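Student: Input: one structure, supplied below.
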Amino acid sequence: MRRWGANQAIEIVGRSSRLVEILGKARKIAAYDDPVLITGESGTGKESLAAALHVLGRRRERPFVSVNCPQYQEGNLTVSELFGHRKGSFTGAVSDRKGCFETAQGGVVFLDEIGDLNMSAQVMLLRTLANGEFQPLGSDTVRKADVRIVAATNRALNQLVFEQHFRNDLLFRLRHFLLELPPLRHREDDWLLLIDYCLDRLHHRHGVAKHFSPNALRLLESYPWPGNVRELIGIVTTGYALADGAIIQPRDFADRIELSGSAPAETDLDRIGRKLQSQSGDFWTLVHQPFLDRDLSRREVRRLVARGLRDARGSYRRLLDLWRLPATEYKRFMGFLRHHRLQPDGFRDREP
Ligand SMILES: Nc1ncnc2c1ncn2[C@@H]1O[C@H](COP(=O)(O)OP(=O)(O)O)[C@@H](O)[C@H]1O
Ligand SMILES: [Mg+2]
């Protein structure tokens, strides 16, 4: 059981349409006392959103108590964690104990990983939800539960109901309001905002400003973030700590990405970009011809050129070099880009 201070700052960073929509919904339902179920993969910010509901609601001056259900597998322990017990009510109950419903009186109880709640605790929780009362184990007095319940899960509760590991009537009550947090990979460019947010925080804490190299950002651009925001924070923190200078390179965090299993999916553009820098084909066969054949769009070519220029620190001459074209082809190369308006915005051809 963890208690949060009433003034704990909650920052939820993101501008993607799906996140903005969810935050709007959270703002509306914060004022009510009915249960909320938050679903989402691990690390998507379920607990942060629950804490935000607390801060936005009228219970903000009262406690926010967070309970992790699976840590207490055995029946009595979970029940006691939630509702408390009287001394001697079961083996090991050597003294009276307050449960989180009592600690949180007037506030919010956050039940994390609700899908792991055992059956006896499910029965008691259902009773509390139905009549607003609870009874500590071994106690003969019934107490009023003046709390808002916010539950979270990363598991498909419907499936658990089907497998008879979760009570359908409990699920029905818990999901009075439903907030579905999308995985980070479905949140447009939020990952970039989050990286800046983390770098700012680290700068503030350690006094040194650092940022990611273009290569490093490119590596992360196609990364599916299986561990979502929690993983992103870990990667930025590792990269920041291990970078030698002010620039964080892929080598400073690459092992964390490989550790998390699924390798980033390589897109067609990634593949072409990689080939341009190797011996396997040149610009004229990999980009020029496909563009004329309409196999590559203007937008795609611009994107390739923009990425190349980032690596070439903004110089078209260095880009030619990077893409293994002889300097004598500079005119032809630039002529092609200009003629088809393929020069990306934000990069000026600095050479005469
Ligand atoms: N949108 C966000 N903006 C800033 N920090 C976030 C955001 N979402 C999650 N976090 C941070 O990421 C970490 C994991 O979030 P958490 O709420 O514990 O996820 P979950 O409960 O879904 O596993 C926490 O440190 C949290 O503060
Ligand atoms: Mg969590």
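Here's how to read the names in the structure tokens: chain A, B, ... by the order shown, residue numbers from 1 in each chain, ligand numbers from 1 in the order shown.
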Neighbouring residues of ligand 1 are defined here as those with any atom at most 6 Å from a ligand atom, counting only C-alpha atoms and all ligand atoms; list them as a PDB file with N, CA and C atoms, in the first residue's frame.
Tutor:
```pdb
ATOM      1  N   GLU A  11       2.169  15.042 -13.876  1.00  0.00           N
ATOM      2  CA  GLU A  11       2.363  15.585 -15.210  1.00  0.00           C
ATOM      3  C   GLU A  11       2.062  14.504 -16.228  1.00  0.00           C
ATOM      4  N   ILE A  12       1.120  14.772 -17.082  1.00  0.00           N
ATOM      5  CA  ILE A  12       0.816  13.832 -18.151  1.00  0.00           C
ATOM      6  C   ILE A  12       1.127  14.529 -19.456  1.00  0.00           C
ATOM      7  N   VAL A  13       2.212  14.087 -20.077  1.00  0.00           N
ATOM      8  CA  VAL A  13       2.724  14.765 -21.259  1.00  0.00           C
ATOM      9  C   VAL A  13       2.174  14.093 -22.509  1.00  0.00           C
ATOM     10  N   GLY A  14       1.709  14.880 -23.458  1.00  0.00           N
ATOM     11  CA  GLY A  14       1.256  14.314 -24.720  1.00  0.00           C
ATOM     12  C   GLY A  14       0.269  15.219 -25.413  1.00  0.00           C
ATOM     13  N   SER A  42       1.226  -2.265 -19.894  1.00  0.00           N
ATOM     14  CA  SER A  42       2.104  -1.858 -18.812  1.00  0.00           C
ATOM     15  C   SER A  42       2.921  -0.624 -19.228  1.00  0.00           C
ATOM     16  N   GLY A  43       2.994   0.362 -18.328  1.00  0.00           N
ATOM     17  CA  GLY A  43       3.806   1.543 -18.598  1.00  0.00           C
ATOM     18  C   GLY A  43       3.114   2.629 -19.397  1.00  0.00           C
ATOM     19  N   THR A  44       1.798   2.492 -19.653  1.00  0.00           N
ATOM     20  CA  THR A  44       1.107   3.504 -20.456  1.00  0.00           C
ATOM     21  C   THR A  44       0.644   4.690 -19.608  1.00  0.00           C
ATOM     22  N   GLY A  45       0.777   4.586 -18.277  1.00  0.00           N
ATOM     23  CA  GLY A  45       0.401   5.718 -17.426  1.00  0.00           C
ATOM     24  C   GLY A  45      -0.911   5.535 -16.686  1.00  0.00           C
ATOM     25  N   LYS A  46      -1.288   4.281 -16.419  1.00  0.00           N
ATOM     26  CA  LYS A  46      -2.570   4.027 -15.751  1.00  0.00           C
ATOM     27  C   LYS A  46      -2.587   4.633 -14.343  1.00  0.00           C
ATOM     28  N   GLU A  47      -1.481   4.392 -13.622  1.00  0.00           N
ATOM     29  CA  GLU A  47      -1.446   4.915 -12.259  1.00  0.00           C
ATOM     30  C   GLU A  47      -1.394   6.447 -12.264  1.00  0.00           C
ATOM     31  N   SER A  48      -0.657   7.016 -13.208  1.00  0.00           N
ATOM     32  CA  SER A  48      -0.597   8.481 -13.313  1.00  0.00           C
ATOM     33  C   SER A  48      -1.983   9.058 -13.591  1.00  0.00           C
ATOM     34  N   VAL A 229       5.633   4.315 -21.873  1.00  0.00           N
ATOM     35  CA  VAL A 229       6.287   5.503 -21.305  1.00  0.00           C
ATOM     36  C   VAL A 229       7.352   5.110 -20.276  1.00  0.00           C
ATOM     37  N   ARG A 230       7.076   4.070 -19.500  1.00  0.00           N
ATOM     38  CA  ARG A 230       8.063   3.664 -18.495  1.00  0.00           C
ATOM     39  C   ARG A 230       9.382   3.294 -19.179  1.00  0.00           C
TER      40      ARG A 230
END
```
Student: Residues near Phe110 in chain A, anyone? I mean within 8 Å using only C-alpha atoms, not counting same-chain ones fewer than 2 positions away, as a PyMOL selection string.
Tutor: chain A and resi 47+50+64-67+108+112+149-152
Student: Go through A:Gly308, A:Gly24, A:Pro226, A:Gly106 one by one, measure the shortest atom-to-atom distance of each to Leu269 in chain A using only C-alpha atoms, and give the residue with the smallest value.
Tutor: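 So, comparing all the options, the nearest one is A:Gly308.
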Student: When you look at Asp311 in chain A with a cut-off of 12 Å (counting only C-alpha atoms), what residues show up, excluding the ones that are within fewer than 2 positions of it in the same chain? I need them as a PDB file with N, CA and C atoms, in the first residue's frame.
Tutor:
```pdb
ATOM      1  N   SER A 213      21.356  12.470 -30.679  1.00  0.00           N
ATOM      2  CA  SER A 213      21.880  12.684 -32.028  1.00  0.00           C
ATOM      3  C   SER A 213      20.785  12.332 -33.039  1.00  0.00           C
ATOM      4  N   PRO A 214      20.879  12.868 -34.272  1.00  0.00           N
ATOM      5  CA  PRO A 214      19.881  12.524 -35.299  1.00  0.00           C
ATOM      6  C   PRO A 214      19.784  11.014 -35.513  1.00  0.00           C
ATOM      7  N   ASN A 215      20.924  10.332 -35.470  1.00  0.00           N
ATOM      8  CA  ASN A 215      20.917   8.874 -35.624  1.00  0.00           C
ATOM      9  C   ASN A 215      20.130   8.202 -34.525  1.00  0.00           C
ATOM     10  N   ALA A 216      20.333   8.688 -33.316  1.00  0.00           N
ATOM     11  CA  ALA A 216      19.644   8.104 -32.167  1.00  0.00           C
ATOM     12  C   ALA A 216      18.138   8.304 -32.308  1.00  0.00           C
ATOM     13  N   LEU A 217      17.724   9.503 -32.731  1.00  0.00           N
ATOM     14  CA  LEU A 217      16.291   9.771 -32.900  1.00  0.00           C
ATOM     15  C   LEU A 217      15.708   8.889 -33.998  1.00  0.00           C
ATOM     16  N   ARG A 218      16.501   8.679 -35.033  1.00  0.00           N
ATOM     17  CA  ARG A 218      16.021   7.851 -36.144  1.00  0.00           C
ATOM     18  C   ARG A 218      15.792   6.413 -35.684  1.00  0.00           C
ATOM     19  N   GLY A 273      17.430   4.077 -47.038  1.00  0.00           N
ATOM     20  CA  GLY A 273      18.422   4.954 -46.412  1.00  0.00           C
ATOM     21  C   GLY A 273      19.691   4.196 -46.068  1.00  0.00           C
ATOM     22  N   GLN A 277      23.836   4.285 -48.075  1.00  0.00           N
ATOM     23  CA  GLN A 277      25.127   4.491 -47.406  1.00  0.00           C
ATOM     24  C   GLN A 277      26.047   3.283 -47.537  1.00  0.00           C
ATOM     25  N   LEU A 304      13.633  11.095 -47.156  1.00  0.00           N
ATOM     26  CA  LEU A 304      14.959  10.464 -47.248  1.00  0.00           C
ATOM     27  C   LEU A 304      16.054  11.522 -47.277  1.00  0.00           C
ATOM     28  N   VAL A 305      15.810  12.567 -48.095  1.00  0.00           N
ATOM     29  CA  VAL A 305      16.819  13.614 -48.228  1.00  0.00           C
ATOM     30  C   VAL A 305      16.981  14.340 -46.887  1.00  0.00           C
ATOM     31  N   ALA A 306      15.847  14.599 -46.219  1.00  0.00           N
ATOM     32  CA  ALA A 306      15.913  15.308 -44.935  1.00  0.00           C
ATOM     33  C   ALA A 306      16.724  14.508 -43.917  1.00  0.00           C
ATOM     34  N   ARG A 307      16.459  13.194 -43.881  1.00  0.00           N
ATOM     35  CA  ARG A 307      17.207  12.358 -42.948  1.00  0.00           C
ATOM     36  C   ARG A 307      18.687  12.352 -43.277  1.00  0.00           C
ATOM     37  N   GLY A 308      18.972  12.230 -44.604  1.00  0.00           N
ATOM     38  CA  GLY A 308      20.368  12.227 -45.032  1.00  0.00           C
ATOM     39  C   GLY A 308      21.050  13.531 -44.639  1.00  0.00           C
ATOM     40  N   LEU A 309      20.325  14.649 -44.833  1.00  0.00           N
ATOM     41  CA  LEU A 309      20.917  15.946 -44.519  1.00  0.00           C
ATOM     42  C   LEU A 309      21.165  16.103 -43.029  1.00  0.00           C
ATOM     43  N   ARG A 313      24.888  16.902 -41.501  1.00  0.00           N
ATOM     44  CA  ARG A 313      24.910  18.218 -40.844  1.00  0.00           C
ATOM     45  C   ARG A 313      24.551  19.342 -41.814  1.00  0.00           C
ATOM     46  N   GLY A 314      23.522  19.100 -42.619  1.00  0.00           N
ATOM     47  CA  GLY A 314      22.939  20.170 -43.422  1.00  0.00           C
ATOM     48  C   GLY A 314      23.619  20.473 -44.741  1.00  0.00           C
ATOM     49  N   SER A 315      24.679  19.734 -45.090  1.00  0.00           N
ATOM     50  CA  SER A 315      25.403  20.051 -46.311  1.00  0.00           C
ATOM     51  C   SER A 315      25.106  19.026 -47.415  1.00  0.00           C
ATOM     52  N   TYR A 316      24.678  19.538 -48.616  1.00  0.00           N
ATOM     53  CA  TYR A 316      24.402  18.623 -49.725  1.00  0.00           C
ATOM     54  C   TYR A 316      25.676  17.955 -50.224  1.00  0.00           C
ATOM     55  N   ARG A 317      26.804  18.661 -50.125  1.00  0.00           N
ATOM     56  CA  ARG A 317      28.057  18.048 -50.596  1.00  0.00           C
ATOM     57  C   ARG A 317      28.419  16.857 -49.708  1.00  0.00           C
ATOM     58  N   ARG A 318      28.243  17.084 -48.390  1.00  0.00           N
ATOM     59  CA  ARG A 318      28.529  15.954 -47.483  1.00  0.00           C
ATOM     60  C   ARG A 318      27.522  14.831 -47.679  1.00  0.00           C
ATOM     61  N   LEU A 319      26.279  15.195 -48.066  1.00  0.00           N
ATOM     62  CA  LEU A 319      25.260  14.176 -48.307  1.00  0.00           C
ATOM     63  C   LEU A 319      25.670  13.295 -49.487  1.00  0.00           C
ATOM     64  N   LEU A 320      26.196  13.920 -50.543  1.00  0.00           N
ATOM     65  CA  LEU A 320      26.676  13.166 -51.699  1.00  0.00           C
ATOM     66  C   LEU A 320      27.723  12.150 -51.259  1.00  0.00           C
ATOM     67  N   ASP A 321      28.589  12.626 -50.402  1.00  0.00           N
ATOM     68  CA  ASP A 321      29.657  11.787 -49.892  1.00  0.00           C
ATOM     69  C   ASP A 321      29.076  10.619 -49.092  1.00  0.00           C
ATOM     70  N   LEU A 322      28.121  10.968 -48.222  1.00  0.00           N
ATOM     71  CA  LEU A 322      27.471   9.966 -47.370  1.00  0.00           C
ATOM     72  C   LEU A 322      26.793   8.899 -48.229  1.00  0.00           C
ATOM     73  N   TRP A 323      26.183   9.341 -49.337  1.00  0.00           N
ATOM     74  CA  TRP A 323      25.463   8.408 -50.208  1.00  0.00           C
ATOM     75  C   TRP A 323      26.369   7.834 -51.303  1.00  0.00           C
TER      76      TRP A 323
END
```
Student: Write out as a JSON list (two decimals) with N, CA and C atoms, in the first residue's frame which residues come within 10 Å of Lys98 in chain A when counting only C-alpha atoms, dropping same-chain ones fewer than 5 positions away.
Tutor:
```json
[["chain", "number", "residue", "atom", "x", "y", "z"],
["A", 80, "SER", "N", -7.35, -8.66, 3.81],
["A", 80, "SER", "CA", -6.91, -7.82, 4.91],
["A", 80, "SER", "C", -6.25, -6.53, 4.40],
["A", 81, "GLU", "N", -5.50, -6.64, 3.31],
["A", 81, "GLU", "CA", -4.90, -5.45, 2.71],
["A", 81, "GLU", "C", -5.98, -4.43, 2.33],
["A", 82, "LEU", "N", -7.08, -4.93, 1.81],
["A", 82, "LEU", "CA", -8.15, -4.04, 1.39],
["A", 82, "LEU", "C", -9.01, -3.56, 2.55],
["A", 83, "PHE", "N", -9.39, -4.51, 3.41],
["A", 83, "PHE", "CA", -10.43, -4.17, 4.40],
["A", 83, "PHE", "C", -9.93, -4.17, 5.84],
["A", 84, "GLY", "N", -8.69, -4.62, 6.06],
["A", 84, "GLY", "CA", -8.15, -4.67, 7.41],
["A", 84, "GLY", "C", -8.57, -5.93, 8.15],
["A", 85, "HIS", "N", -7.99, -6.16, 9.33],
["A", 85, "HIS", "CA", -8.40, -7.31, 10.13],
["A", 85, "HIS", "C", -8.25, -7.02, 11.62],
["A", 86, "ARG", "N", -8.89, -7.83, 12.41],
["A", 86, "ARG", "CA", -8.72, -7.78, 13.85],
["A", 86, "ARG", "C", -7.70, -8.82, 14.24],
["A", 103, "THR", "N", -7.77, 3.55, 5.47],
["A", 103, "THR", "CA", -6.71, 4.57, 5.33],
["A", 103, "THR", "C", -7.13, 5.67, 4.37],
["A", 136, "PRO", "N", -13.89, -5.31, 8.36],
["A", 136, "PRO", "CA", -12.57, -5.90, 8.54],
["A", 136, "PRO", "C", -12.69, -7.37, 8.94]]
```
Student: Between A:Leu53, A:Ala254, A:Ile272, A:Leu292, single out the one closest to Ala26 in chain A, counting only C-alpha atoms.
Tutor: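 So, comparing all the options, the nearest one is A:Leu53.
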Student: Using DSSP secondary structure from the backbone, list all helix (DSSP H, G or I) positions within range 131-301 of chain A, as a VMD selection string.
Tutor: chain A and resid 131 157 to 162 168 to 174 184 to 186 190 to 206 214 to 221 228 to 242 250 to 252 254 to 259 268 to 276 283 to 292 298 to 301
Student: Skipping near chain neighbours, those fewer than 2 positions away, what residues fall within 8 Å of Leu126 in chain A using only C-alpha atoms, listed as a ChimeraX atom specification?
Tutor: /A:122-124,128-130,169-170,173
Student: Could those selected residues go to a file with N, CA and C atoms, as a PDB file, in the first residue's frame?
Tutor:
```
ATOM      1  N   GLN A 122     -12.622 -10.635  -4.422  1.00  0.00           N
ATOM      2  CA  GLN A 122     -13.588 -10.145  -5.415  1.00  0.00           C
ATOM      3  C   GLN A 122     -14.996 -10.089  -4.824  1.00  0.00           C
ATOM      4  N   VAL A 123     -15.342 -11.132  -4.055  1.00  0.00           N
ATOM      5  CA  VAL A 123     -16.676 -11.184  -3.449  1.00  0.00           C
ATOM      6  C   VAL A 123     -16.867 -10.012  -2.494  1.00  0.00           C
ATOM      7  N   MET A 124     -15.844  -9.755  -1.675  1.00  0.00           N
ATOM      8  CA  MET A 124     -15.979  -8.676  -0.692  1.00  0.00           C
ATOM      9  C   MET A 124     -15.982  -7.303  -1.356  1.00  0.00           C
ATOM     10  N   THR A 128     -18.811  -4.308  -1.233  1.00  0.00           N
ATOM     11  CA  THR A 128     -18.528  -2.901  -0.930  1.00  0.00           C
ATOM     12  C   THR A 128     -19.068  -1.984  -2.025  1.00  0.00           C
ATOM     13  N   LEU A 129     -18.886  -2.416  -3.267  1.00  0.00           N
ATOM     14  CA  LEU A 129     -19.365  -1.592  -4.377  1.00  0.00           C
ATOM     15  C   LEU A 129     -20.889  -1.514  -4.374  1.00  0.00           C
ATOM     16  N   ALA A 130     -21.533  -2.607  -3.959  1.00  0.00           N
ATOM     17  CA  ALA A 130     -22.993  -2.659  -4.012  1.00  0.00           C
ATOM     18  C   ALA A 130     -23.629  -1.832  -2.900  1.00  0.00           C
ATOM     19  N   ASP A 169     -20.123  -9.714 -12.626  1.00  0.00           N
ATOM     20  CA  ASP A 169     -20.856  -8.636 -11.951  1.00  0.00           C
ATOM     21  C   ASP A 169     -19.893  -7.584 -11.384  1.00  0.00           C
ATOM     22  N   LEU A 170     -18.697  -8.034 -10.969  1.00  0.00           N
ATOM     23  CA  LEU A 170     -17.695  -7.090 -10.460  1.00  0.00           C
ATOM     24  C   LEU A 170     -17.161  -6.219 -11.603  1.00  0.00           C
ATOM     25  N   ARG A 173     -19.594  -3.535 -12.511  1.00  0.00           N
ATOM     26  CA  ARG A 173     -19.632  -2.383 -11.603  1.00  0.00           C
ATOM     27  C   ARG A 173     -18.376  -1.516 -11.729  1.00  0.00           C
TER      28      ARG A 173
END
```
Student: Output as a PDB file with C-alpha atoms, in the first residue's frame all residues of range 186-267 of chain A that backbone DSSP marks as strand (DSSP E or B).
Tutor:
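Writing the result to out-v7.pdb gives the following:
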```
ATOM      1  CA  HIS A 211      20.208  15.814 -26.414  1.00  0.00           C
ATOM      2  CA  PHE A 212      19.882  12.891 -28.805  1.00  0.00           C
ATOM      3  CA  ILE A 247      25.072  14.325 -27.486  1.00  0.00           C
ATOM      4  CA  ILE A 248      23.419  10.988 -26.725  1.00  0.00           C
TER       5      ILE A 248
END
```
Student: For CA of Leu49 in chain A and CA of Leu184 in chain A, determine how far apart the two atoms are, in Å to one decimal place.
Tutor: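 These two atoms are separated by 14.4 Å.
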Student: Please list as JSON, numbers by chain every residue within 9 Å of range 113-115 of chain A, counting only C-alpha atoms and excluding residues in the same chain fewer than 2 positions away.
Tutor: {"A": [67, 68, 69, 70, 111, 117, 118, 151, 152, 153, 154, 155, 156, 157, 160, 165, 166]}
Student: What's the separation between CA of Ile10 in chain A and CA of Asp200 in chain A, in Å to one decimal place?
Tutor: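 Interatomic distance, CA of Ile10 in chain A to CA of Asp200 in chain A: 15.9 Å.
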